[in-house]
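See below for protein00.cif, which holds mmCIF, C-alpha atoms.
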data_final
#
loop_
_atom_site.label_atom_id
_atom_site.label_comp_id
_atom_site.auth_asym_id
_atom_site.auth_seq_id
_atom_site.Cartn_x
_atom_site.Cartn_y
_atom_site.Cartn_z
CA MET P 1 0.00 0.00 0.00
CA GLY P 2 2.67 2.50 1.01
CA VAL P 3 2.46 6.22 1.65
CA THR P 4 2.14 8.76 -1.13
CA ARG P 5 3.23 12.38 -1.14
CA GLU P 6 -0.42 13.40 -1.31
CA ARG P 7 -1.29 11.29 1.75
CA PHE P 8 1.75 12.52 3.67
CA ASP P 9 0.87 16.14 3.00
CA GLN P 10 -2.49 15.61 4.73
CA GLY P 11 -0.71 15.31 8.06
CA LEU P 12 -0.61 17.96 10.75
CA THR P 13 2.42 20.13 11.26
CA TYR P 14 3.99 19.73 14.70
CA GLU P 15 2.47 23.05 15.77
CA GLN P 16 -0.98 21.95 14.53
CA TRP P 17 -0.59 18.68 16.44
CA LYS P 18 0.09 20.59 19.64
CA ALA P 19 -2.75 23.05 19.02
CA GLN P 20 -5.34 20.27 18.67
CA MET P 21 -4.32 18.46 21.87
CA THR P 22 -7.11 18.25 24.43
CA ARG P 23 -5.05 16.80 27.29
CA ASN P 24 -1.49 16.47 28.60
CA ARG P 25 -0.39 19.58 26.69
CA GLU P 26 1.43 21.04 29.69
CA ARG P 27 3.43 17.85 30.28
CA HIS P 28 4.10 17.52 26.53
CA ASP P 29 5.47 21.08 26.31
CA ALA P 30 7.55 20.68 29.46
CA ASN P 31 9.12 17.58 27.92
CA GLU P 32 9.89 19.55 24.77
CA THR P 33 11.46 22.59 26.41
CA GLY P 34 13.21 20.61 29.16
CA LEU P 35 14.99 18.23 26.80
CA PRO P 36 18.76 18.75 26.86
CA LEU P 37 19.99 18.47 23.24
CA SER P 38 23.66 18.88 22.42
CA GLU P 39 25.31 19.61 19.08
CA ALA P 40 26.51 16.00 19.08
CA ASP P 41 22.90 14.84 19.49
CA LEU P 42 21.82 16.90 16.49
CA GLU P 43 24.80 16.10 14.28
CA PRO P 44 23.38 12.87 12.75
CA PHE P 45 20.28 14.77 11.63
CA LYS P 46 22.21 17.78 10.36
CA SER P 47 24.42 15.40 8.37
CA LEU P 48 21.55 13.93 6.38
CA PRO P 49 22.44 14.47 2.72
CA LYS P 50 18.84 15.19 1.68
CA LYS P 51 15.66 16.27 3.38
CA VAL P 52 13.84 13.31 4.95
CA ASN P 53 10.06 13.06 5.35
CA VAL P 54 9.04 11.95 8.83
CA LEU P 55 5.57 10.55 9.47
CA MET P 56 4.58 10.33 13.13
CA LEU P 57 1.44 8.61 14.45
CA ALA P 58 0.28 9.83 17.85
CA GLU P 59 -2.62 10.40 20.26
CA ASP P 60 -2.58 12.80 23.20
CA TRP P 61 -3.79 10.25 25.78
CA CYS P 62 -0.74 8.01 25.37
CA GLY P 63 2.10 8.24 27.91
CA ASP P 64 4.78 7.22 25.41
CA VAL P 65 3.52 9.86 22.99
CA ILE P 66 3.66 12.58 25.64
CA ALA P 67 7.19 11.49 26.55
CA ASN P 68 8.64 10.96 23.08
CA THR P 69 6.71 13.03 20.53
CA PRO P 70 8.24 16.26 21.93
CA ILE P 71 11.71 14.80 21.38
CA VAL P 72 10.99 14.23 17.70
CA GLY P 73 9.36 17.67 17.44
CA ARG P 74 12.31 19.41 19.15
CA ILE P 75 14.87 17.72 16.90
CA ALA P 76 12.84 18.53 13.76
CA SER P 77 12.59 22.16 14.84
CA GLU P 78 16.37 22.46 15.38
CA VAL P 79 17.49 21.01 12.05
CA ASP P 80 16.34 21.78 8.52
CA THR P 81 16.62 18.22 7.22
CA LEU P 82 13.41 16.75 8.66
CA ASN P 83 9.96 17.38 7.19
CA LEU P 84 7.68 16.23 10.03
CA LYS P 85 3.96 15.47 9.69
CA VAL P 86 1.80 14.12 12.50
CA PHE P 87 -1.25 11.87 12.09
CA LEU P 88 -3.75 10.92 14.78
CA ARG P 89 -3.66 7.16 15.12
CA ASP P 90 -7.39 6.60 15.54
CA GLN P 91 -8.32 8.72 12.52
CA ASN P 92 -5.71 7.26 10.19
CA GLU P 93 -6.03 3.49 10.40
CA ASP P 94 -4.75 3.07 6.83
CA LEU P 95 -1.41 4.46 8.01
CA MET P 96 -1.38 2.83 11.44
CA ASN P 97 -1.98 -0.60 9.98
CA GLN P 98 1.17 -0.26 7.88
CA PHE P 99 3.41 0.41 10.84
CA LEU P 100 2.28 -1.99 13.55
CA LYS P 101 4.73 -2.98 16.26
CA ASP P 102 5.71 -6.63 15.79
CA GLY P 103 3.22 -6.66 12.94
CA LYS P 104 0.22 -6.60 15.30
CA TYR P 105 0.23 -3.80 17.90
CA LYS P 106 -0.98 -0.25 17.22
CA SER P 107 1.81 1.14 19.39
CA ILE P 108 2.53 4.85 19.34
CA PRO P 109 4.37 7.00 18.73
CA ALA P 110 5.32 5.38 15.44
CA VAL P 111 7.92 7.45 13.62
CA VAL P 112 8.65 6.49 10.02
CA PHE P 113 11.32 8.02 7.78
CA PHE P 114 10.86 8.33 3.99
CA ASP P 115 12.92 9.62 1.10
CA ASP P 116 11.54 12.04 -1.46
CA ASP P 117 9.89 9.21 -3.42
CA PHE P 118 8.38 7.84 -0.21
CA ASN P 119 10.53 4.78 0.02
CA GLU P 120 10.78 3.87 3.69
CA LEU P 121 14.20 4.55 5.18
CA GLY P 122 13.61 3.51 8.78
CA ARG P 123 11.11 3.39 11.60
CA TRP P 124 11.06 3.86 15.37
CA ILE P 125 8.12 2.76 17.53
CA GLU P 126 6.91 3.49 21.06
CA ARG P 127 10.05 3.54 23.24
CA PRO P 128 13.53 2.01 23.38
CA GLU P 129 13.76 -1.61 24.53
CA SER P 130 16.47 -0.49 26.98
CA VAL P 131 13.94 1.80 28.69
CA THR P 132 11.32 -0.94 28.97
CA LYS P 133 13.97 -3.26 30.45
CA LEU P 134 15.30 -0.70 32.96
CA ARG P 135 11.81 0.22 34.15
CA GLU P 136 10.80 -3.40 34.52
CA GLU P 137 13.91 -4.08 36.63
CA LYS P 138 13.12 -1.08 38.81
CA ARG P 139 9.49 -2.15 39.10
CA GLN P 140 10.55 -5.58 40.27
CA ALA P 141 12.87 -3.92 42.80
CA LEU P 142 9.99 -1.80 44.12
CA TYR P 143 8.04 -4.94 44.94
CA ARG P 144 11.14 -6.64 46.38
CA ASP P 145 11.89 -3.67 48.67
CA ASN P 146 8.27 -3.12 49.72
CA PRO P 147 6.58 -6.36 50.76
CA GLU P 148 3.35 -4.43 51.37
CA PHE P 149 3.01 -4.11 47.57
CA GLY P 150 2.54 -7.88 47.29
CA SER P 151 3.68 -9.67 44.15
CA PRO P 152 4.30 -7.89 40.79
CA SER P 153 1.92 -10.36 39.17
CA ASP P 154 -0.95 -9.63 41.58
CA PRO P 155 -3.77 -7.44 40.24
CA PRO P 156 -3.61 -4.05 42.00
CA ASP P 157 -7.20 -4.36 43.23
CA LYS P 158 -5.95 -7.03 45.65
CA LEU P 159 -3.95 -4.38 47.51
CA PRO P 160 -5.37 -2.32 50.35
CA GLU P 161 -6.06 1.17 49.08
CA ASP P 162 -3.29 2.86 51.06
CA ALA P 163 -0.69 0.41 49.70
CA ARG P 164 -2.04 0.88 46.18
CA ILE P 165 -1.74 4.67 46.44
CA LYS P 166 1.82 4.29 47.74
CA LEU P 167 2.63 1.94 44.84
CA THR P 168 1.12 4.36 42.30
CA GLN P 169 3.29 7.16 43.71
CA ALA P 170 6.37 4.94 43.73
CA ILE P 171 5.86 3.97 40.07
CA ALA P 172 5.37 7.62 39.09
CA GLN P 173 8.56 8.57 40.94
CA MET P 174 10.48 5.73 39.31
CA ARG P 175 9.33 6.90 35.87
CA GLU P 176 10.46 10.45 36.67
CA GLU P 177 13.86 9.25 37.88
CA THR P 178 14.42 7.18 34.74
CA LYS P 179 13.28 9.96 32.38
CA PRO P 180 16.76 11.43 31.67
CA PHE P 181 18.00 7.96 30.66
CA ALA P 182 14.86 7.37 28.57
CA ASP P 183 15.22 10.71 26.76
CA LYS P 184 18.88 10.04 25.97
CA GLU P 185 18.03 6.61 24.60
CA VAL P 186 15.31 8.01 22.34
CA VAL P 187 17.68 10.67 20.98
CA ARG P 188 20.40 8.04 20.50
CA GLU P 189 18.12 5.58 18.68
CA LEU P 190 16.69 8.25 16.39
CA GLY P 191 20.25 9.41 15.71
CA GLU P 192 21.27 5.85 14.80
CA ILE P 193 18.48 5.75 12.22
CA ALA P 194 19.65 9.09 10.80
CA LYS P 195 23.24 7.80 10.62
CA GLY P 196 22.02 4.70 8.78
CA ILE P 197 20.12 6.86 6.28
CA ALA P 198 23.16 9.10 5.74
CA ALA P 199 25.41 6.08 5.24
CA LYS P 200 23.19 4.85 2.40
CA GLY P 201 23.44 8.30 0.82
CA MET E 1 -34.19 -14.31 49.69
CA ALA E 2 -32.48 -11.15 48.49
CA LYS E 3 -29.32 -11.62 46.51
CA LYS E 4 -26.09 -10.68 48.21
CA PRO E 5 -24.64 -7.88 46.06
CA VAL E 6 -21.17 -8.34 44.59
CA LYS E 7 -18.40 -5.84 43.91
CA VAL E 8 -16.90 -5.40 40.44
CA THR E 9 -13.45 -3.89 40.00
CA ILE E 10 -12.12 -2.71 36.64
CA THR E 11 -8.41 -1.95 36.57
CA TYR E 12 -7.54 -0.08 33.39
CA CYS E 13 -4.41 1.43 31.91
CA ALA E 14 -4.94 5.17 32.28
CA GLU E 15 -2.18 6.03 29.82
CA CYS E 16 -3.42 3.73 27.06
CA GLY E 17 -6.72 5.44 26.28
CA TYR E 18 -8.85 2.65 27.74
CA GLU E 19 -11.37 5.02 29.35
CA PRO E 20 -14.07 4.46 26.69
CA GLN E 21 -13.96 0.66 27.10
CA THR E 22 -13.98 1.08 30.89
CA LEU E 23 -16.98 3.37 30.83
CA GLU E 24 -18.88 1.21 28.31
CA LEU E 25 -18.49 -1.85 30.51
CA THR E 26 -19.39 0.17 33.61
CA ASN E 27 -22.52 1.43 31.86
CA VAL E 28 -23.60 -2.10 30.91
CA LEU E 29 -23.05 -3.35 34.47
CA MET E 30 -24.92 -0.43 36.06
CA ARG E 31 -27.92 -0.86 33.77
CA THR E 32 -28.00 -4.65 34.00
CA PHE E 33 -27.50 -5.13 37.72
CA ALA E 34 -28.36 -1.88 39.56
CA HIS E 35 -28.51 -2.75 43.31
CA ASP E 36 -27.25 -6.28 42.74
CA LEU E 37 -23.80 -4.70 42.69
CA SER E 38 -22.44 -3.44 45.99
CA SER E 39 -20.05 -1.16 44.08
CA ILE E 40 -18.15 -0.74 40.84
CA GLU E 41 -14.56 0.27 41.47
CA LEU E 42 -12.44 1.81 38.70
CA ILE E 43 -8.69 1.74 39.25
CA PRO E 44 -6.49 3.81 36.92
CA TRP E 45 -3.33 1.77 36.39
CA TYR E 46 -0.36 1.27 34.11
CA GLN E 47 1.19 -1.19 31.70
CA GLY E 48 -1.60 -1.87 29.27
CA SER E 49 -3.82 -3.47 31.89
CA PHE E 50 -7.53 -4.10 31.57
CA ASP E 51 -8.56 -6.46 34.36
CA VAL E 52 -12.01 -7.24 35.68
CA SER E 53 -12.53 -8.81 39.10
CA ILE E 54 -15.88 -9.86 40.50
CA GLY E 55 -16.08 -10.42 44.22
CA GLY E 56 -12.28 -10.53 44.31
CA GLU E 57 -12.04 -13.18 41.59
CA LEU E 58 -10.17 -12.18 38.43
CA VAL E 59 -12.48 -13.01 35.53
CA HIS E 60 -10.63 -11.17 32.77
CA SER E 61 -7.05 -10.01 32.40
CA MET E 62 -5.83 -8.34 29.23
CA TYR E 63 -2.37 -9.70 29.94
CA ARG E 64 -3.64 -13.24 30.56
CA ASP E 65 -6.58 -13.47 28.17
CA GLY E 66 -5.73 -10.81 25.59
CA GLY E 67 -7.88 -7.88 24.51
CA PHE E 68 -10.99 -6.51 26.15
CA PRO E 69 -13.66 -8.83 27.53
CA GLU E 70 -16.98 -9.32 25.78
CA HIS E 71 -19.60 -7.49 27.84
CA GLN E 72 -21.77 -10.61 27.89
CA THR E 73 -18.91 -12.65 29.36
CA VAL E 74 -18.63 -10.23 32.29
CA VAL E 75 -22.41 -10.07 32.72
CA ASP E 76 -22.57 -13.88 32.81
CA ALA E 77 -19.74 -13.98 35.35
CA VAL E 78 -21.57 -11.50 37.61
CA ARG E 79 -24.77 -13.57 37.32
CA ALA E 80 -22.82 -16.70 38.30
CA GLN E 81 -21.39 -14.95 41.37
CA LEU E 82 -24.80 -13.65 42.38
CA ALA E 83 -26.27 -17.13 42.04
CA GLN E 84 -23.51 -18.53 44.25
CA ALA E 85 -24.10 -15.82 46.84
CA GLU E 86 -27.84 -16.53 47.07
#

I'd like the structure from this file rewritten - as structure tokens, please.
Amino acid sequence: MGVTRERFDQGLTYEQWKAQMTRNRERHDANETGLPLSEADLEPFKSLPKKVNVLMLAEDWCGDVIANTPIVGRIASEVDTLNLKVFLRDQNEDLMNQFLKDGKYKSIPAVVFFDDDFNELGRWIERPESVTKLREEKRQALYRDNPEFGSPSDPPDKLPEDARIKLTQAIAQMREETKPFADKEVVRELGEIAKGIAAKG
Amino acid sequence: MAKKPVKVTITYCAECGYEPQTLELTNVLMRTFAHDLSSIELIPWYQGSFDVSIGGELVHSMYRDGGFPEHQTVVDAVRAQLAQAE
């Protein structure tokens, strides 16, 4: 099926994406402005030999979108080699179904890179595996260090409400503490894709 | 003899956009069972969860069973619990 220029041009600009958000805008914008980006981080994108079209599928209720979409938006705004268009996942199933995670999950954000003829050059979906792994290790440690949280495999409704609230707060804090690592990993992985595109010329 | 009401708990991933499915199921349960439910508890959670427990018994887990439950499956499970509690 593929993506055509005409279809790609129907996407929202990054500014239009932000303007239509109905929730999480504050957190989204804080993630964008608070992201430390060095010249070295931007170099792989600045070194792209030609302008690359970037299609991003997103929805404003998704935690991974709120964390990672601003990273893509920030990078695109700081280089002149990325032409970014954003599509809402639930209104663009024809696109989402082409870029499913593991061929079956409608995971977002899905970020897909195309050349000028809309040949796919690379894709990045949801979050880095290293981030999932680190957070799972830390989640397991939370349960290990706090016996009142029960077992990680227990449904949370089994917990007394005060323990559940404490666990919710602990998970939120763990996510906040791992955010700098997560952001760096996203920038690194996107940079690796850009380097791969540049290497192919 | 009056039925002993049962409690239904829906644990849903609050960062996955599962609110519509949670509210649809809640609506069906409210309209079907009214006072036969002692309460319907909604727990905003993480990690792609959508779990339904009835009287403390897990009858659907997205992680275990995959996807969202059919409404009728949950309704039948509530009826079975109510029958047991009679």

Chain E contacts to chain P at 9 Å (only C-alpha atoms) as a PyMOL selection string: chain E and resi 9-11+14-17+41+43+45-46+51+53+56+58+61

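Minimum atom-to-atom distance to Gln47 in chain E, evaluated using only C-alpha atoms, belongs to E:Tyr63 out of E:Tyr63, E:Val6, E:Thr32, E:His71.
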
Residue among P:Leu95, P:Leu134, P:Ala141, P:Ile197 lying closest to Thr178 in chain P, counting all atoms listed in the file: P:Leu134

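Nearest to Lys195 in chain P of all the residues P:Arg74, P:Lys104, P:Arg144, P:Lys46 is P:Lys46, based on only C-alpha atoms.
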
Please report, as lines of an AutoDock Vina configuration file, the centre and edge lengths in Å to one decimal of an axis-aligned box covering all listed atoms of range 143-160 of chain P with 4 Å per side.
center_x = 2.3
center_y = -6.3
center_z = 45.3
size_x = 27.1
size_y = 16.0
size_z = 20.2

From P:Phe99, P:Tyr143, P:Phe87, P:Phe149, residue lying nearest Ile125 in chain P [all atoms listed in the file]: P:Phe99

Surrounding residues of Ser38 in chain E excluding itself and chain neighbours under 5 positions, 12 Å, all atoms listed in the file, as a VMD selection string: chain E and resid 3 to 9 29 to 30 33 54 to 55 78 82

Take the selection from the previous step and output its residues with C-alpha atoms, as an mmCIF file, keeping the file's coordinate frame.
data_model
loop_
_atom_site.group_PDB
_atom_site.id
_atom_site.type_symbol
_atom_site.label_atom_id
_atom_site.label_comp_id
_atom_site.auth_asym_id
_atom_site.auth_seq_id
_atom_site.Cartn_x
_atom_site.Cartn_y
_atom_site.Cartn_z
ATOM 1 C CA LYS E 3 -29.320 -11.620 46.510
ATOM 2 C CA LYS E 4 -26.090 -10.680 48.210
ATOM 3 C CA PRO E 5 -24.640 -7.880 46.060
ATOM 4 C CA VAL E 6 -21.170 -8.340 44.590
ATOM 5 C CA LYS E 7 -18.400 -5.840 43.910
ATOM 6 C CA VAL E 8 -16.900 -5.400 40.440
ATOM 7 C CA THR E 9 -13.450 -3.890 40.000
ATOM 8 C CA LEU E 29 -23.050 -3.350 34.470
ATOM 9 C CA MET E 30 -24.920 -0.430 36.060
ATOM 10 C CA PHE E 33 -27.500 -5.130 37.720
ATOM 11 C CA ILE E 54 -15.880 -9.860 40.500
ATOM 12 C CA GLY E 55 -16.080 -10.420 44.220
ATOM 13 C CA VAL E 78 -21.570 -11.500 37.610
ATOM 14 C CA LEU E 82 -24.800 -13.650 42.380
#

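Under the PyMOL selection byres ((chain P and resi 43) around 12), the matching residues in the shown file are Leu37, Ser38, Glu39, Ala40, Asp41, Leu42, Pro44, Phe45, Lys46, Ser47, Leu48, Pro49, Ile75, Glu78, Val79, Asp80, Thr81, Val187, Arg188, Leu190, Gly191, Glu192, Ala194, Lys195 and Ala198 of chain P.
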